[in-house]
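Source file: start_22.pdb. Holds: PDB, C-alpha atoms, pLDDT in the B column.
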ATOM      1  CA  MET A 264      80.931  92.950 118.507  1.00 53.00           C
ATOM      2  CA  ASP A 265      81.097  90.225 115.905  1.00 58.00           C
ATOM      3  CA  ILE A 266      84.269  88.149 116.381  1.00 59.00           C
ATOM      4  CA  PHE A 267      84.386  87.199 112.693  1.00 55.00           C
ATOM      5  CA  THR A 268      84.458  90.788 111.399  1.00 52.00           C
ATOM      6  CA  ALA A 269      86.415  92.450 114.211  1.00 62.00           C
ATOM      7  CA  GLY A 270      89.632  92.517 112.156  1.00 73.00           C
ATOM      8  CA  PHE A 271      88.132  94.377 109.188  1.00 86.00           C
ATOM      9  CA  THR A 272      87.915  98.169 108.968  1.00 88.00           C
ATOM     10  CA  THR A 273      84.570  99.618 107.858  1.00 91.00           C
ATOM     11  CA  ALA A 274      84.655 102.379 105.242  1.00 94.00           C
ATOM     12  CA  ASP A 275      83.307 105.905 105.690  1.00 95.00           C
ATOM     13  CA  ILE A 276      82.221 108.509 103.138  1.00 97.00           C
ATOM     14  CA  GLY A 277      85.267 109.544 101.111  1.00 97.00           C
ATOM     15  CA  SER A 278      87.195 106.327 101.803  1.00 96.00           C
ATOM     16  CA  TRP A 279      88.901 104.533  98.948  1.00 96.00           C
ATOM     17  CA  ILE A 280      88.225 100.789  98.933  1.00 95.00           C
ATOM     18  CA  LYS A 281      89.567  97.800  97.005  1.00 93.00           C
ATOM     19  CA  ASP A 282      86.868  95.287  96.134  1.00 85.00           C
ATOM     20  CA  SER A 283      88.148  91.800  96.979  1.00 84.00           C
ATOM     21  CA  TYR A 284      85.078  89.925  95.780  1.00 80.00           C
ATOM     22  CA  ARG A 285      84.809  90.839  92.089  1.00 77.00           C
ATOM     23  CA  THR A 286      87.766  91.101  89.734  1.00 75.00           C
ATOM     24  CA  ASP A 287      86.214  93.577  87.266  1.00 74.00           C
ATOM     25  CA  ARG A 288      86.091  96.320  89.915  1.00 78.00           C
ATOM     26  CA  SER A 289      89.306  97.644  91.370  1.00 82.00           C
ATOM     27  CA  LEU A 290      89.445 100.840  93.429  1.00 93.00           C
ATOM     28  CA  GLY A 291      86.299 102.701  94.356  1.00 94.00           C
ATOM     29  CA  ILE A 292      85.371 105.728  96.429  1.00 97.00           C
ATOM     30  CA  VAL A 293      82.523 105.645  98.933  1.00 97.00           C
ATOM     31  CA  ARG A 294      79.985 108.318  97.996  1.00 98.00           C
ATOM     32  CA  GLN A 295      77.128 107.555 100.380  1.00 97.00           C
ATOM     33  CA  VAL A 296      76.448 105.378 103.427  1.00 97.00           C
ATOM     34  CA  ASP A 297      72.877 104.389 104.279  1.00 96.00           C
ATOM     35  CA  LYS A 298      72.892 103.296 107.919  1.00 93.00           C
ATOM     36  CA  ASP A 299      69.226 102.247 107.785  1.00 96.00           C
ATOM     37  CA  THR A 300      69.897  99.543 105.195  1.00 95.00           C
ATOM     38  CA  LEU A 301      73.609  99.070 106.077  1.00 94.00           C
ATOM     39  CA  MET A 302      74.596  99.641 102.441  1.00 97.00           C
ATOM     40  CA  MET A 303      77.081 102.040 100.842  1.00 97.00           C
ATOM     41  CA  ASN A 304      77.162 103.552  97.367  1.00 98.00           C
ATOM     42  CA  VAL A 305      80.602 103.214  95.786  1.00 96.00           C
ATOM     43  CA  TYR A 306      81.782 104.774  92.518  1.00 96.00           C
ATOM     44  CA  PHE A 307      84.311 102.728  90.540  1.00 93.00           C
ATOM     45  CA  PRO A 308      86.143 105.073  88.106  1.00 92.00           C
ATOM     46  CA  LYS A 309      87.740 102.240  86.102  1.00 89.00           C
ATOM     47  CA  ILE A 310      84.362 100.972  84.892  1.00 89.00           C
ATOM     48  CA  SER A 311      82.503 104.294  85.383  1.00 93.00           C
ATOM     49  CA  LYS A 312      79.732 102.707  87.452  1.00 93.00           C
ATOM     50  CA  ASN A 313      78.148 103.034  90.868  1.00 95.00           C
ATOM     51  CA  ALA A 314      77.384  99.987  92.966  1.00 93.00           C
ATOM     52  CA  TRP A 315      75.624  99.393  96.266  1.00 95.00           C
ATOM     53  CA  LEU A 316      77.736  97.228  98.568  1.00 93.00           C
ATOM     54  CA  VAL A 317      77.217  95.908 102.057  1.00 93.00           C
ATOM     55  CA  TRP A 318      78.660  98.507 104.428  1.00 93.00           C
ATOM     56  CA  LYS A 319      79.670  96.109 107.217  1.00 90.00           C
ATOM     57  CA  ASN A 320      82.999  94.712 106.105  1.00 90.00           C
ATOM     58  CA  ASN A 321      83.014  90.920 106.079  1.00 86.00           C
ATOM     59  CA  GLY A 322      86.322  90.794 104.239  1.00 86.00           C
ATOM     60  CA  HIS A 323      84.821  91.577 100.820  1.00 88.00           C
ATOM     61  CA  TYR A 324      86.653  94.922 100.593  1.00 92.00           C
ATOM     62  CA  LYS A 325      89.773  96.532 101.958  1.00 92.00           C
ATOM     63  CA  VAL A 326      89.970 100.180 103.026  1.00 94.00           C
ATOM     64  CA  ILE A 327      92.974 101.837 101.351  1.00 91.00           C
TER      65      ILE A 327
END
In structure tokens, how does this file's structure come out?
Amino acid sequence: MDIFTAGFTTADIGSWIKDSYRTDRSLGIVRQVDKDTLMMNVYFPKISKNAWLVWKNNGHYKVI
């Protein structure tokens, strides 16, 4: 267990997340998780775009 990321919840498929890193993306829904690359595909309805984000939460997103 990593002591620096222990306080952050990791998202699953279907989870709504709030991106804390970029201000142009607000709420997104996790559509796919690739456990081989540790990335997740998130759809952001506000900007109508998909983005690949790091799945392991280092504080860059919050699970809603």
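If all atoms listed in the file are the atoms counted, then among A:Ile327, A:Phe271, A:Val317, A:Ile276 the closest residue to A:Arg294 is A:Ile276.
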Using all atoms listed in the file, the best pick from A:Asp299, A:Ile310, A:Val326, A:Asn321 as closest to A:Asp287 would be A:Ile310
Of the candidates A:Asn320, A:Asp297, A:Trp315, A:Pro308, which one gets nearest to A:Ser283 if we count only C-alpha atoms?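 Using only C-alpha atoms, A:Ser283 sits closest to A:Asn320.
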ask   = Which polymer residues, protein or nucleic acid, are no farther than 10 Å from (87.9, 102.8, 104.9), counting all atoms listed in the file, as a VMD selection string?
value = chain A and resid 271 to 281 292 to 293 320 324 to 327
From atom CA of A:Lys298 to atom CA of A:Thr286 the spacing works out at 26.5 Å
Q: Kindly give the distance, in Å, that separates atom CA of A:Gln295 and atom CA of A:Gly270, rounded to a single decimal.
A: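 Separation between atom CA of A:Gln295 and atom CA of A:Gly270: 22.8 Å.
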Contact residues around A:Ser289 with all atoms listed in the file at 8 Å, ignoring same-chain residues under 6 positions, as an mmCIF file with C-alpha atoms, in the coordinates of the input:
data_model
loop_
_atom_site.group_PDB
_atom_site.id
_atom_site.type_symbol
_atom_site.label_atom_id
_atom_site.label_comp_id
_atom_site.auth_asym_id
_atom_site.auth_seq_id
_atom_site.Cartn_x
_atom_site.Cartn_y
_atom_site.Cartn_z
ATOM 1 C CA LYS A 281 89.567 97.800 97.005
ATOM 2 C CA ASP A 282 86.868 95.287 96.134
ATOM 3 C CA PHE A 307 84.311 102.728 90.540
ATOM 4 C CA LYS A 309 87.740 102.240 86.102
#
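Between atom CA of A:Val305 and atom CA of A:Arg288 the interatomic distance comes to 10.6 Å.
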Item to complete: May I have the residues within 7 Å of A:Trp318 as a VMD selection string, using only C-alpha atoms and disregarding those fewer than 5 positions away in the same chain?
Response: chain A and resid 273 301 to 303
Subject >> Protein, DNA and RNA residues within 6 Å of (82.7, 89.4, 99.9), all atoms listed in the file, as a list in words >> reply: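 Applying the cut-off with all atoms listed in the file, one gets Tyr284, Gly322 and His323 of chain A.
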Please define a box with edges along x, y and z of the file around all atoms of stretch 292-301 of chain A given in the file, extend it by 5 Å on each side, and return its centre and edge lengths in Å to one decimal, as JSON.
{"center_x": 77.3, "center_y": 103.7, "center_z": 102.2, "size_x": 26.1, "size_y": 19.2, "size_z": 21.5}
